[in-house]
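Structure first, then comments.
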Amino acid sequence: QVQLVESGGGLVQAGGSLRLSCAVSGRTFNRYAMGWFRQAPGKEREFVSAISWSGGTTYYADFVKGRFTISRDNAKNTVYLQMNSLKPEDTAVYYCAAVTTTGGTYYYTRLKDYEYWGQGTQVTVSS
């Protein structure tokens with residue numbers, strides 16, 4: 001059984017920063033490509049960022065490029081999302097997700113590609 005547990009959410013003022021973490025347990029972490037998604041009230045869940053299992057390939061949604069950074073520490077079975085220059089429109093529940101992959105450079109951007117999901121962590125950005 002694979003479990004993903006997010007942490008690091010909270011309330012921050014516009015322009016501030018937060019660092020989300022997602023701890024993965026249950027299987028060999030470095031065979032999972034990882035992703036971050038978010039869901040704002042009344043909206044569909046959307047892709048934010050993804051990283052290959054090697055960590056060598058990353059991808060970002062246009063609305064976070066230059067502000068957010070995804071990374072992973074395979075020794076700690078953890079993926080991170082550093083969020084800088086936060087805006088009120090970044091307010092959402094943020095979810096991490098994992099998918100088994102055999103390719104060290106593969107990343108995935110579609111919800112349906114992912115096998116496992118965390119419970120989410122709330123990020124609220126005040127203006």
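Residue numbering restarts at 1 for every chain of the structure tokens, chains are lettered A, B, ... in their displayed order, and ligands are numbered from 1 as they appear.
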
Asn84 in chain A surroundings by only C-alpha atoms, 10 Å radius, close-in-sequence under 6 positions cut, as a tab-separated table (two decimals) with N, CA and C atoms, in the first residue's frame:
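File part36.tsv, as written:
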chain	number	residue	atom	x	y	z
A	14	ALA	N	0.23	37.68	0.31
A	14	ALA	CA	0.68	37.77	-1.07
A	14	ALA	C	2.15	38.21	-1.11
A	15	GLY	N	2.90	37.54	-1.99
A	15	GLY	CA	4.33	37.80	-2.08
A	15	GLY	C	5.18	36.91	-1.20
A	16	GLY	N	4.54	36.19	-0.31
A	16	GLY	CA	5.25	35.31	0.59
A	16	GLY	C	5.58	33.96	-0.03
A	17	SER	N	6.13	33.09	0.81
A	17	SER	CA	6.59	31.78	0.34
A	17	SER	C	6.10	30.68	1.27
A	18	LEU	N	5.95	29.50	0.69
A	18	LEU	CA	5.68	28.28	1.44
A	18	LEU	C	6.43	27.14	0.78
A	19	ARG	N	6.75	26.14	1.57
A	19	ARG	CA	7.36	24.93	1.02
A	19	ARG	C	6.51	23.73	1.39
A	64	VAL	N	2.81	29.02	-12.93
A	64	VAL	CA	3.74	28.94	-11.79
A	64	VAL	C	5.20	29.03	-12.22
A	66	GLY	N	8.73	30.11	-12.93
A	66	GLY	CA	9.53	31.19	-12.37
A	66	GLY	C	9.21	31.49	-10.92
A	67	ARG	N	8.13	30.91	-10.38
A	67	ARG	CA	7.75	31.16	-8.98
A	67	ARG	C	7.86	29.89	-8.14
A	68	PHE	N	7.51	28.75	-8.71
A	68	PHE	CA	7.50	27.48	-7.98
A	68	PHE	C	8.66	26.61	-8.45
A	69	THR	N	9.18	25.81	-7.54
A	69	THR	CA	10.24	24.86	-7.87
A	69	THR	C	9.92	23.50	-7.26

Write out as a ChimeraX atom specification the residues lying within 10 Å of Thr102 in chain A, counting only C-alpha atoms and excluding same-chain residues fewer than 5 positions away. /A:30-33,53

Those same residues, written as an mmCIF file, in the first residue's frame with N, CA, C and O atoms?
data_model
loop_
_atom_site.group_PDB
_atom_site.id
_atom_site.type_symbol
_atom_site.label_atom_id
_atom_site.label_comp_id
_atom_site.auth_asym_id
_atom_site.auth_seq_id
_atom_site.Cartn_x
_atom_site.Cartn_y
_atom_site.Cartn_z
ATOM 1 N N ASN A 30 12.032 5.784 -5.563
ATOM 2 C CA ASN A 30 12.720 6.277 -6.751
ATOM 3 C C ASN A 30 12.302 5.575 -8.026
ATOM 4 O O ASN A 30 12.984 5.669 -9.034
ATOM 5 N N ARG A 31 11.167 4.874 -7.974
ATOM 6 C CA ARG A 31 10.579 4.391 -9.218
ATOM 7 C C ARG A 31 9.259 5.112 -9.501
ATOM 8 O O ARG A 31 8.511 4.718 -10.381
ATOM 9 N N TYR A 32 9.012 6.174 -8.782
ATOM 10 C CA TYR A 32 7.805 6.945 -8.997
ATOM 11 C C TYR A 32 8.131 8.296 -9.599
ATOM 12 O O TYR A 32 8.976 9.024 -9.079
ATOM 13 N N ALA A 33 7.453 8.631 -10.684
ATOM 14 C CA ALA A 33 7.408 10.026 -11.086
ATOM 15 C C ALA A 33 6.368 10.704 -10.194
ATOM 16 O O ALA A 33 5.370 10.087 -9.816
ATOM 17 N N TRP A 53 11.418 10.404 -11.934
ATOM 18 C CA TRP A 53 11.897 9.704 -10.742
ATOM 19 C C TRP A 53 13.369 9.953 -10.494
ATOM 20 O O TRP A 53 13.839 9.869 -9.364
#

Write out as a PyMOL selection string all residues of chain A that backbone DSSP assigns to strand (DSSP E). chain A and resi 3-7+10-13+18-25+32-39+46-51+58-60+68-73+78-83+92-100+116-117+121-126

Contacts of Glu89 in chain A at 10 Å (only C-alpha atoms; same-chain gap of 2+ positions) as a PDB file with C-alpha atoms, in the first residue's frame:
ATOM      1  CA  ALA A  14       0.681  37.768  -1.072  1.00  0.00           C
ATOM      2  CA  ALA A  40      -9.527  25.768  -5.780  1.00  0.00           C
ATOM      3  CA  PHE A  63       1.011  30.067 -14.251  1.00  0.00           C
ATOM      4  CA  LEU A  86       2.549  33.670  -3.925  1.00  0.00           C
ATOM      5  CA  LYS A  87      -0.608  35.291  -5.240  1.00  0.00           C
ATOM      6  CA  THR A  91      -5.163  29.659  -2.958  1.00  0.00           C
ATOM      7  CA  ALA A  92      -6.193  26.016  -3.238  1.00  0.00           C
ATOM      8  CA  THR A 124      -4.339  30.239   1.486  1.00  0.00           C
ATOM      9  CA  VAL A 125      -2.803  33.440   0.173  1.00  0.00           C
ATOM     10  CA  SER A 126      -4.250  36.684   1.504  1.00  0.00           C
ATOM     11  CA  SER A 127      -4.138  39.933  -0.402  1.00  0.00           C
TER      12      SER A 127
END

Just checking: using only C-alpha atoms, which residue out of A:Ile51, A:Leu81, A:Leu11, A:Leu4 ends up closest to Gln122 in chain A? A:Leu11

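For Cys96 in chain A, the non-local neighbours within 10 Å, defined as residues at least 4 positions apart in the same chain or in other chains and counting only C-alpha atoms, are Leu4, Val5, Glu6, Leu20, Ser21, Cys22, Ala23, Val24, Met34, Gly35, Trp36, Phe37, Arg38, Val48, Ser49, Ala50, Val79, Tyr80, Leu81, Tyr114, Tyr116, Trp117, Gly118, Gln119, Gly120 and Thr121 of chain A.
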
Backbone-only DSSP, helix (DSSP H, G or I) members of chain A, as a PyMOL selection string: chain A and resi 29-31+62-64+88-90+111-113
